[in-house]
$ cat input10.txt   # compact mmCIF, C-alpha atoms and all ligand atoms
# COMPACT_ATOMS: atom_id res chain seq x y z
CA MET A 696 6.61 -36.30 -25.26
CA ALA A 697 10.16 -35.78 -26.50
CA VAL A 698 12.30 -33.46 -24.41
CA ASP A 699 15.18 -31.60 -26.01
CA GLN A 700 18.19 -33.12 -24.20
CA ALA A 701 20.55 -30.36 -25.33
CA GLU A 702 18.25 -27.75 -23.80
CA LEU A 703 17.91 -29.77 -20.59
CA SER A 704 21.63 -30.16 -20.08
CA ALA A 705 22.01 -26.40 -20.58
CA PHE A 706 19.36 -25.67 -17.95
CA GLN A 707 20.44 -23.18 -15.30
CA TRP A 708 18.46 -23.18 -12.08
CA PRO A 709 17.39 -19.64 -11.21
CA THR A 710 19.55 -17.89 -8.63
CA PRO A 711 17.29 -17.20 -5.63
CA THR A 712 16.29 -13.60 -5.16
CA SER A 713 14.26 -14.09 -1.99
CA ALA A 714 14.81 -15.20 1.58
CA TYR A 715 12.47 -16.50 4.28
CA VAL A 716 13.23 -16.53 7.99
CA HIS A 717 10.98 -18.53 10.28
CA VAL A 718 10.45 -17.32 13.85
CA PRO A 719 8.91 -20.19 15.83
CA PHE A 720 7.77 -18.34 18.96
CA CYS A 721 4.15 -17.58 19.86
CA ARG A 722 2.37 -16.52 23.03
CA HIS A 723 0.00 -19.41 22.71
CA ARG A 724 -0.68 -22.11 20.14
CA CYS A 725 -4.00 -21.33 18.46
CA GLY A 726 -6.26 -24.36 18.25
CA TYR A 727 -6.25 -24.57 14.46
CA CYS A 728 -2.51 -23.99 13.91
CA ASN A 729 -0.17 -26.72 12.73
CA PHE A 730 2.82 -24.52 11.93
CA SER A 731 6.22 -25.07 13.44
CA VAL A 732 5.69 -22.98 16.58
CA LEU A 733 6.53 -23.04 20.28
CA ALA A 734 4.62 -21.39 23.09
CA ASP A 735 6.16 -20.79 26.53
CA ARG A 736 9.74 -21.41 25.39
CA ASP A 737 10.94 -17.83 25.15
CA ASP A 738 14.09 -19.00 26.97
CA LEU A 739 15.23 -20.40 23.59
CA MET A 740 15.17 -17.05 21.81
CA GLU A 741 18.86 -16.23 22.20
CA SER A 742 20.04 -19.60 20.92
CA TYR A 743 17.51 -19.33 18.10
CA LEU A 744 19.04 -16.00 17.04
CA ASP A 745 22.53 -17.52 17.15
CA ALA A 746 21.34 -20.37 14.93
CA VAL A 747 19.66 -18.11 12.37
CA ASP A 748 22.76 -15.96 12.27
CA ALA A 749 24.88 -19.05 11.59
CA GLU A 750 22.50 -20.31 8.88
CA LEU A 751 22.37 -16.99 7.06
CA SER A 752 26.10 -16.34 7.40
CA ALA A 753 26.76 -19.61 5.55
CA LEU A 754 25.05 -18.11 2.49
CA GLU A 755 27.87 -15.61 1.98
CA SER A 756 25.85 -12.42 1.48
CA PRO A 757 23.55 -13.24 -1.41
CA ALA A 758 21.73 -10.38 -3.13
CA VAL A 759 17.97 -10.59 -2.56
CA GLN A 760 14.99 -8.55 -3.63
CA THR A 761 12.47 -9.81 -1.09
CA VAL A 762 12.70 -10.94 2.52
CA PHE A 763 9.84 -12.41 4.52
CA ILE A 764 10.09 -12.87 8.29
CA GLY A 765 7.25 -15.22 9.15
CA GLY A 766 6.22 -17.56 11.86
CA GLY A 767 5.13 -18.17 14.45
CA THR A 768 4.96 -14.58 15.54
CA PRO A 769 8.07 -12.50 14.78
CA THR A 770 6.69 -9.60 16.81
CA HIS A 771 6.43 -11.84 19.87
CA LEU A 772 10.21 -11.37 20.16
CA PRO A 773 11.01 -8.75 22.81
CA ILE A 774 12.37 -5.53 21.41
CA ASP A 775 16.07 -6.41 21.87
CA ALA A 776 15.65 -9.79 20.21
CA LEU A 777 13.57 -8.32 17.37
CA ASP A 778 16.23 -5.67 16.83
CA ARG A 779 18.96 -8.31 16.76
CA LEU A 780 17.06 -10.52 14.29
CA LEU A 781 16.50 -7.65 11.86
CA GLN A 782 20.15 -6.64 12.20
CA ILE A 783 21.23 -10.22 11.43
CA VAL A 784 19.18 -10.12 8.22
CA THR A 785 20.71 -6.79 7.23
CA ASN A 786 24.22 -8.06 8.00
CA ARG A 787 23.90 -11.38 6.20
CA LEU A 788 21.88 -10.51 3.09
CA GLN A 789 22.37 -7.80 0.50
CA LEU A 790 19.03 -6.12 -0.04
CA SER A 791 18.46 -4.67 -3.50
CA ASP A 792 17.59 -0.98 -3.83
CA ASP A 793 13.87 -1.67 -4.31
CA PHE A 794 13.59 -4.51 -1.78
CA GLU A 795 10.33 -5.69 -0.28
CA TRP A 796 10.78 -6.67 3.36
CA SER A 797 7.73 -8.15 5.05
CA VAL A 798 7.28 -9.05 8.69
CA GLU A 799 4.34 -11.00 10.06
CA ALA A 800 2.84 -9.56 13.22
CA ASN A 801 0.02 -10.14 15.64
CA PRO A 802 -1.98 -7.07 16.62
CA GLU A 803 -1.52 -7.60 20.38
CA ASP A 804 2.27 -7.34 20.04
CA ILE A 805 2.37 -4.00 18.25
CA THR A 806 3.78 -1.24 20.43
CA ASP A 807 5.22 2.12 19.39
CA GLU A 808 8.65 0.82 20.30
CA LYS A 809 8.37 -2.30 18.11
CA LEU A 810 6.92 -0.29 15.25
CA ASP A 811 9.85 2.14 15.50
CA CYS A 812 12.23 -0.82 15.43
CA LEU A 813 10.61 -2.26 12.28
CA VAL A 814 10.69 1.10 10.53
CA ALA A 815 14.30 1.76 11.57
CA HIS A 816 15.40 -1.50 9.95
CA GLY A 817 13.58 -0.74 6.70
CA ILE A 818 10.58 -3.05 6.95
CA ASN A 819 8.21 -1.80 4.27
CA ARG A 820 5.44 -4.37 4.41
CA ILE A 821 3.62 -5.80 7.41
CA SER A 822 1.32 -8.78 7.40
CA LEU A 823 -1.07 -8.74 10.34
CA GLY A 824 -2.73 -11.92 11.58
CA MET A 825 -6.10 -10.29 12.07
CA GLN A 826 -8.37 -13.26 11.18
CA SER A 827 -11.58 -11.43 12.19
CA PHE A 828 -13.03 -8.29 13.74
CA HIS A 829 -15.74 -10.22 15.65
CA ASP A 830 -14.78 -10.74 19.26
CA ALA A 831 -16.65 -14.04 19.58
CA LYS A 832 -15.06 -15.44 16.42
CA LEU A 833 -11.62 -14.27 17.58
CA ALA A 834 -12.17 -15.94 20.95
CA GLY A 835 -13.29 -19.14 19.22
CA LEU A 836 -10.12 -19.10 17.13
CA GLU A 837 -8.14 -18.52 20.35
CA ARG A 838 -6.68 -15.26 19.11
CA GLY A 839 -5.25 -12.77 21.57
CA HIS A 840 -6.74 -9.48 20.31
CA SER A 841 -10.17 -7.87 20.09
CA GLY A 842 -11.83 -6.71 16.89
CA ALA A 843 -11.66 -3.04 17.85
CA GLY A 844 -8.07 -3.43 19.06
CA GLY A 845 -7.06 -5.02 15.77
CA ALA A 846 -8.69 -2.26 13.73
CA ALA A 847 -6.87 0.37 15.79
CA VAL A 848 -3.55 -1.40 15.17
CA ILE A 849 -4.14 -1.44 11.41
CA ARG A 850 -4.64 2.33 11.48
CA GLN A 851 -1.59 2.81 13.70
CA VAL A 852 0.68 0.66 11.51
CA ALA A 853 -0.52 2.20 8.24
CA GLU A 854 0.62 5.61 9.49
CA VAL A 855 4.24 4.47 9.29
CA ILE A 856 4.31 1.36 7.08
CA ARG A 857 1.99 2.02 4.18
CA ASN A 858 1.92 -1.50 2.79
CA VAL A 859 -0.34 -3.27 5.29
CA SER A 860 -1.64 -6.75 4.54
CA ILE A 861 -4.07 -8.63 6.72
CA ASP A 862 -5.17 -12.26 6.90
CA LEU A 863 -8.80 -13.16 7.49
CA ILE A 864 -10.21 -16.62 8.18
CA PHE A 865 -13.67 -17.59 6.99
CA ALA A 866 -15.94 -20.58 7.58
CA ALA A 867 -15.07 -20.65 11.29
CA PRO A 868 -17.33 -22.90 13.41
CA GLY A 869 -20.80 -21.36 13.61
CA GLU A 870 -19.91 -18.34 11.49
CA THR A 871 -22.76 -16.93 9.40
CA ALA A 872 -22.55 -15.36 5.95
CA THR A 873 -23.61 -12.04 7.47
CA GLN A 874 -20.82 -12.12 10.03
CA TRP A 875 -18.30 -12.85 7.30
CA ARG A 876 -19.58 -9.96 5.20
CA ASP A 877 -19.20 -7.72 8.27
CA ASP A 878 -15.60 -8.85 8.60
CA LEU A 879 -14.92 -8.06 4.95
CA GLN A 880 -16.67 -4.71 5.17
CA MET A 881 -14.66 -3.73 8.21
CA ALA A 882 -11.39 -4.85 6.62
CA LEU A 883 -12.10 -2.96 3.41
CA SER A 884 -12.92 0.22 5.32
CA LEU A 885 -9.44 0.20 6.86
CA PRO A 886 -6.15 1.39 5.28
CA ILE A 887 -4.99 -1.98 3.94
CA GLN A 888 -3.22 -2.62 0.66
CA HIS A 889 -3.51 -6.39 0.62
CA LEU A 890 -5.80 -9.10 1.93
CA SER A 891 -5.24 -12.84 2.16
CA THR A 892 -8.22 -14.92 3.08
CA TYR A 893 -8.44 -18.62 3.89
CA ALA A 894 -11.19 -21.04 4.82
CA LEU A 895 -10.55 -22.60 8.22
CA THR A 896 -9.10 -26.07 7.87
CA PHE A 897 -8.97 -28.74 10.53
CA GLU A 898 -5.42 -30.11 10.45
CA LYS A 899 -4.45 -33.41 11.98
CA GLY A 900 -2.53 -32.92 15.22
CA THR A 901 -4.25 -29.67 16.19
CA SER A 902 -6.64 -29.30 19.09
CA PHE A 903 -9.37 -28.25 16.63
CA TRP A 904 -8.91 -31.61 14.90
CA SER A 905 -9.45 -33.47 18.19
CA ARG A 906 -12.38 -31.28 19.14
CA ARG A 907 -14.03 -31.98 15.80
CA LEU A 908 -13.55 -35.71 16.32
CA ARG A 909 -15.23 -35.34 19.74
CA GLY A 910 -18.13 -33.48 18.10
CA GLU A 911 -17.35 -30.19 19.88
CA LEU A 912 -16.64 -28.31 16.64
CA SER A 913 -17.99 -28.78 13.17
CA ALA A 914 -16.75 -27.64 9.79
CA ALA A 915 -18.89 -25.34 7.67
CA ASP A 916 -20.84 -26.85 4.76
CA GLU A 917 -18.99 -26.65 1.47
CA SER A 918 -21.79 -24.53 -0.04
CA VAL A 919 -21.46 -22.00 2.81
CA GLU A 920 -17.70 -21.91 2.31
CA ILE A 921 -18.11 -21.27 -1.42
CA ASP A 922 -20.65 -18.49 -0.78
CA MET A 923 -18.23 -16.85 1.66
CA TYR A 924 -15.37 -17.11 -0.80
CA GLN A 925 -17.47 -15.60 -3.56
CA ALA A 926 -18.49 -12.76 -1.22
CA ALA A 927 -14.80 -12.06 -0.61
CA ARG A 928 -14.12 -11.97 -4.35
CA GLN A 929 -17.03 -9.63 -5.03
CA MET A 930 -16.51 -7.26 -2.12
CA THR A 931 -12.76 -6.91 -2.64
CA ALA A 932 -13.31 -6.17 -6.35
CA ASP A 933 -15.90 -3.52 -5.45
CA ALA A 934 -13.37 -1.97 -3.07
CA GLY A 935 -10.60 -1.78 -5.70
CA LEU A 936 -8.54 -4.78 -4.58
CA GLN A 937 -7.67 -7.05 -7.48
CA GLN A 938 -7.62 -10.78 -6.94
CA TYR A 939 -4.25 -11.96 -8.26
CA GLU A 940 -4.11 -15.44 -6.74
CA VAL A 941 -6.71 -17.81 -5.39
CA SER A 942 -6.40 -16.47 -1.81
CA SER A 943 -4.76 -13.07 -2.43
CA PHE A 944 -6.20 -9.65 -3.20
CA ALA A 945 -4.23 -6.42 -3.61
CA LYS A 946 -4.50 -2.78 -4.47
CA PRO A 947 -2.56 -1.80 -7.62
CA ALA A 948 1.22 -2.26 -7.15
CA ALA A 949 0.68 -4.02 -3.79
CA ARG A 950 0.95 -7.63 -4.88
CA CYS A 951 3.26 -9.55 -2.57
CA ARG A 952 6.50 -9.85 -4.53
CA HIS A 953 7.84 -12.47 -2.16
CA ASN A 954 4.91 -14.81 -2.76
CA LEU A 955 5.10 -14.14 -6.50
CA ALA A 956 8.72 -15.31 -6.39
CA TYR A 957 7.56 -18.60 -4.80
CA TRP A 958 4.79 -19.09 -7.31
CA ASP A 959 7.02 -18.23 -10.26
CA GLY A 960 9.60 -20.79 -9.09
CA LEU A 961 12.37 -18.22 -8.75
CA GLY A 962 14.08 -19.98 -5.84
CA TRP A 963 14.53 -18.77 -2.28
CA TYR A 964 16.82 -19.17 0.71
CA ALA A 965 15.42 -19.97 4.14
CA ALA A 966 16.49 -20.15 7.76
CA GLY A 967 14.88 -21.23 11.01
CA PRO A 968 13.07 -24.34 12.27
CA GLY A 969 10.74 -25.89 9.71
CA ALA A 970 11.82 -23.39 7.05
CA ALA A 971 11.70 -24.63 3.45
CA ARG A 972 14.10 -23.49 0.71
CA PHE A 973 14.48 -24.04 -3.01
CA VAL A 974 18.04 -23.57 -4.21
CA ASP A 975 19.78 -25.05 -7.27
CA GLY A 976 16.95 -27.44 -8.03
CA ARG A 977 16.86 -28.83 -4.51
CA ARG A 978 13.94 -28.54 -2.12
CA GLU A 979 14.97 -28.70 1.51
CA VAL A 980 13.09 -28.41 4.77
CA ASN A 981 14.74 -27.79 8.14
CA HIS A 982 13.79 -29.82 11.21
CA ARG A 983 10.36 -28.68 12.39
CA SER A 984 11.09 -29.19 16.06
CA THR A 985 12.76 -26.05 17.34
CA THR A 986 14.65 -27.97 20.01
CA THR A 987 15.99 -30.47 17.44
CA TYR A 988 16.88 -27.63 15.08
CA LEU A 989 18.76 -25.79 17.84
CA LYS A 990 20.50 -28.92 19.07
CA ARG A 991 21.77 -29.67 15.56
CA MET A 992 22.91 -26.12 14.95
CA ARG A 993 24.70 -26.03 18.30
CA GLY A 994 26.42 -29.31 17.42
CA GLY A 995 27.59 -27.97 14.07
CA LEU A 996 25.23 -30.36 12.22
CA SER A 997 23.02 -29.57 9.26
CA PRO A 998 19.53 -28.32 10.25
CA VAL A 999 18.06 -29.98 7.13
CA ALA A 1000 15.54 -32.77 7.73
CA GLU A 1001 14.47 -33.40 4.13
CA SER A 1002 16.32 -32.76 0.90
CA ASP A 1003 15.07 -33.67 -2.56
CA ALA A 1004 16.55 -32.87 -5.94
CA ILE A 1005 13.78 -32.22 -8.43
CA THR A 1006 14.04 -32.85 -12.16
CA VAL A 1007 13.63 -30.05 -14.65
CA GLN A 1008 10.40 -31.70 -15.73
CA GLN A 1009 9.03 -31.66 -12.17
CA TYR A 1010 10.10 -28.05 -11.91
CA ALA A 1011 8.24 -27.11 -15.10
CA ARG A 1012 5.12 -28.95 -13.91
CA GLU A 1013 5.27 -27.19 -10.52
CA ARG A 1014 5.64 -23.83 -12.20
CA ALA A 1015 2.52 -24.60 -14.23
CA ALA A 1016 0.62 -25.75 -11.11
CA PHE A 1017 1.55 -22.69 -9.03
CA GLY A 1018 1.23 -20.42 -12.04
CA VAL A 1019 -2.31 -21.45 -12.83
CA ARG A 1020 -3.42 -20.45 -9.31
CA GLN A 1021 -2.54 -16.88 -10.30
CA ILE A 1022 -5.59 -15.18 -11.71
CA ASP A 1023 -3.78 -13.62 -14.69
CA GLY A 1024 -2.88 -17.14 -15.79
CA VAL A 1025 0.28 -19.04 -16.56
CA ASP A 1026 2.55 -18.53 -19.55
CA LEU A 1027 3.30 -22.10 -20.65
CA ASP A 1028 5.32 -20.86 -23.64
CA ARG A 1029 7.64 -19.00 -21.27
CA ILE A 1030 8.05 -22.12 -19.14
CA HIS A 1031 8.90 -23.99 -22.36
CA ARG A 1032 11.45 -21.38 -23.36
CA GLU A 1033 13.05 -21.28 -19.92
CA THR A 1034 13.09 -25.00 -19.11
CA GLY A 1035 12.88 -26.80 -22.46
CA ILE A 1036 9.79 -28.64 -21.15
CA ASP A 1037 6.70 -28.36 -23.30
CA ILE A 1038 3.94 -28.50 -20.68
CA ARG A 1039 1.39 -27.41 -23.26
CA GLY A 1040 2.19 -30.52 -25.30
CA MET A 1041 2.63 -32.87 -22.32
CA CYS A 1042 -0.63 -31.81 -20.70
CA ALA A 1043 -2.63 -31.25 -23.90
CA ASP A 1044 -5.33 -33.79 -22.96
CA MET A 1045 -5.72 -32.41 -19.46
CA ILE A 1046 -5.84 -28.81 -20.69
CA GLN A 1047 -8.50 -29.78 -23.23
CA ARG A 1048 -10.52 -31.67 -20.60
CA SER A 1049 -10.31 -28.76 -18.15
CA THR A 1050 -11.31 -26.37 -20.94
CA ASP A 1051 -14.29 -28.55 -21.87
CA GLU A 1052 -15.28 -28.55 -18.18
CA GLN A 1053 -15.12 -24.73 -18.26
CA LEU A 1054 -12.37 -24.68 -15.66
CA LEU A 1055 -9.60 -23.30 -17.91
CA GLU A 1056 -9.51 -20.85 -20.78
CA GLU A 1057 -6.82 -19.29 -22.94
CA ALA A 1058 -6.47 -15.52 -23.13
CA ASP A 1059 -3.61 -13.43 -24.51
CA GLY A 1060 -1.46 -16.54 -24.79
CA LEU A 1061 -1.92 -17.42 -21.10
CA ILE A 1062 -3.79 -20.41 -19.70
CA ARG A 1063 -5.95 -19.26 -16.83
CA LEU A 1064 -8.73 -20.37 -14.53
CA THR A 1065 -12.25 -19.41 -15.55
CA GLN A 1066 -14.54 -17.77 -13.00
CA ARG A 1067 -15.82 -21.27 -12.24
CA GLY A 1068 -12.32 -22.72 -12.36
CA VAL A 1069 -11.16 -20.47 -9.50
CA LEU A 1070 -13.41 -22.56 -7.24
CA PHE A 1071 -11.61 -25.72 -8.35
CA ALA A 1072 -8.09 -24.30 -8.42
CA ASP A 1073 -6.56 -27.12 -6.36
CA THR A 1074 -8.01 -29.74 -8.69
CA VAL A 1075 -6.76 -28.00 -11.81
CA ALA A 1076 -3.33 -27.26 -10.33
CA GLY A 1077 -3.05 -30.91 -9.26
CA ARG A 1078 -3.70 -32.06 -12.82
CA PHE A 1079 -0.51 -30.32 -13.98
CA LEU A 1080 1.41 -32.46 -11.49
CA ASP A 1081 -0.14 -35.81 -12.43
S1 LIG B 1 -0.29 -16.86 16.29
FE1 LIG B 1 -0.24 -17.72 14.20
S2 LIG B 1 1.57 -19.02 14.13
FE2 LIG B 1 1.16 -18.60 16.30
S3 LIG B 1 -0.05 -20.33 16.98
FE3 LIG B 1 -1.51 -18.74 16.34
S4 LIG B 1 -1.95 -19.18 14.16
FE4 LIG B 1 -0.09 -20.34 14.74
$ encode --input "input10.txt" --output "structure tokens"
Amino acid sequence: MAVDQAELSAFQWPTPTSAYVHVPFCRHRCGYCNFSVLADRDDLMESYLDAVDAELSALESPAVQTVFIGGGTPTHLPIDALDRLLQIVTNRLQLSDDFEWSVEANPEDITDEKLDCLVAHGINRISLGMQSFHDAKLAGLERGHSGAGGAAVIRQVAEVIRNVSIDLIFAAPGETATQWRDDLQMALSLPIQHLSTYALTFEKGTSFWSRRLRGELSAADESVEIDMYQAARQMTADAGLQQYEVSSFAKPAARCRHNLAYWDGLGWYAAGPGAARFVDGRREVNHRSTTTYLKRMRGGLSPVAESDAITVQQYARERAAFGVRQIDGVDLDRIHRETGIDIRGMCADMIQRSTDEQLLEEADGLIRLTQRGVLFADTVAGRFLD
């Protein structure tokens, strides 16, 4: 497929409008978690804050529309450290008038004092790692809160930060379809604006991975997992939450703008151990080990562990792959206009094959997953990258 060289040379990478800050600290490492986290190293918090301040100050006050403080568990920071982190963000970034500022939190960390701190700094979206309302399932996942305690926290938070999102895990070991429906029913009866839901995965390097190898845990059957996913889609729709991405459901006007910026390839800054950024056509990831990250920052060295320049063609393909996971579909003509890369032409055979397989369809000029295609979203998205 011919690519217009004049258009390519004129290509301007989007200026990032989002920023991500990774907080690596947790009370305990949950058995299924393979994120860049540290438990029992709260002594590193002050040097972590110094490092994040240095990383963000190097950006020279960029204007951003969305900020996401994730982890790890940002709310595991004691109140003084949490206050300092949020002040660093405010000092180093220029938030637009209609900014979205999300903070991830675990229910057991929410106190009136921390909630006041979040509100005082302007946090207007909170993402709670609920995972379940069943005490036995929560214990199995090694979470630190109870079902009733988590529900109470959702109500408490929603009183002061209206935009509450929660995460739920399904297909946990031994979980039944009825238990999962109970979880959904409970979640949808609470004042949430957004729900993200993920099937449990067994990641190499986690204790769940080892326990599965030893036969102590087993993964749910694929058919059970699909039934649970379909239950989530049906019950959220009935409750007025629209599915807008494979794993994301939102009330009107409550779609996560930060995640949309990722999926639309708009570029984003990042700071903290293991944090990934996309700036000026370059994907970079900081060192995942917090101690290595801190050592490098203290020594005045770059925290970046991996750095790859991507071509405009890769960029266009990635936009198509992430775009198609959005339920409204992906506008390939817009990608063509903005990048000069004609994905529709380059991927014509694959689009036709996926359409014949009833995985993709065209509607209002967008290419989107069919109802069946949503179940095979990873496969279809991967085909845009081949
Ligand atoms: S609280 Fe979240 S980030 Fe921390 S270990 Fe558990 S799953 Fe991982």
$ residues_around --input "input10.txt" --residues "region 748-752 of chain A" --least-positions-apart "6" --cutoff "10 Å" --atoms "all atoms listed in the file" --output "PyMOL selection string"
chain A and resi 714+716+742+779-780+782-784+786-788+964-967+992-993+995+997-998
$ atom_distance --input "input10.txt" --atom1 "CA of Arg909 (chain A)" --atom2 "CA of Gly766 (chain A)"
29.0 Å
$ residues_around --input "input10.txt" --residues "Tyr988 (chain A)" --least-positions-apart "6" --cutoff "9 Å" --atoms "only C-alpha atoms" --output "PDB file with C-alpha atoms, in the frame of the given file"
ATOM      1  CA  TYR A 743      17.510 -19.330  18.100  1.00  0.00           C
ATOM      2  CA  ALA A 746      21.340 -20.370  14.930  1.00  0.00           C
ATOM      3  CA  GLY A 967      14.880 -21.230  11.010  1.00  0.00           C
ATOM      4  CA  PRO A 968      13.070 -24.340  12.270  1.00  0.00           C
ATOM      5  CA  GLY A 969      10.740 -25.890   9.710  1.00  0.00           C
ATOM      6  CA  ASN A 981      14.740 -27.790   8.140  1.00  0.00           C
ATOM      7  CA  HIS A 982      13.790 -29.820  11.210  1.00  0.00           C
ATOM      8  CA  SER A 997      23.020 -29.570   9.260  1.00  0.00           C
ATOM      9  CA  PRO A 998      19.530 -28.320  10.250  1.00  0.00           C
ATOM     10  CA  VAL A 999      18.060 -29.980   7.130  1.00  0.00           C
TER      11      VAL A 999
END
$ residues_near_ligand --input "input10.txt" --ligand "ligand LIG 1 (chain B)" --cutoff "9 Å" --atoms "all atoms listed in the file" --output "list of chain:residue names"
A:Pro719, A:Phe720, A:Cys721, A:Arg722, A:His723, A:Arg724, A:Cys725, A:Gly726, A:Tyr727, A:Cys728, A:Asn729, A:Phe730, A:Ser731, A:Val732, A:Leu733, A:Ala734, A:Gly765, A:Gly766, A:Gly767, A:Thr768, A:Ala800, A:Asn801, A:Gly824, A:Leu836, A:Glu837, A:Arg838, A:Gly839
$ residues_around --input "input10.txt" --residues "Thr1065 (chain A)" --least-positions-apart "3" --cutoff "9 Å" --atoms "all atoms listed in the file" --output "list of chain:residue names"
A:Ile1022, A:Thr1050, A:Gln1053, A:Leu1054, A:Leu1055, A:Glu1056, A:Gly1068, A:Val1069, A:Leu1070
$ atom_distance --input "input10.txt" --atom1 "CA of Phe706 (chain A)" --atom2 "CA of Gly1060 (chain A)"
23.7 Å
$ closest_residue --input "input10.txt" --among "A:Leu989, A:Val762, A:Val1075, A:Ile887" --to "Asn858 (chain A)" --atoms "all atoms listed in the file"
A:Ile887
$ residues_around --input "input10.txt" --residues "Trp796 (chain A)" --least-positions-apart "5" --cutoff "7 Å" --atoms "only C-alpha atoms" --output "list in words"
Thr761, Val762, Phe763, Ile818, Asn819 and Arg820 of chain A
$ residues_around --input "input10.txt" --residues "Leu772 (chain A)" --least-positions-apart "3" --cutoff "9 Å" --atoms "all atoms listed in the file" --output "JSON, numbers by chain"
{"A": [718, 720, 721, 737, 740, 768, 769, 775, 776, 777, 778, 804]}
$ residues_near_point --input "input10.txt" --point "(-11.7, -16.8, 16.5)" --cutoff "10 Å" --atoms "all atoms listed in the file" --output "PyMOL selection string"
chain A and resi 725-727+825-841+864-865+867-868+870
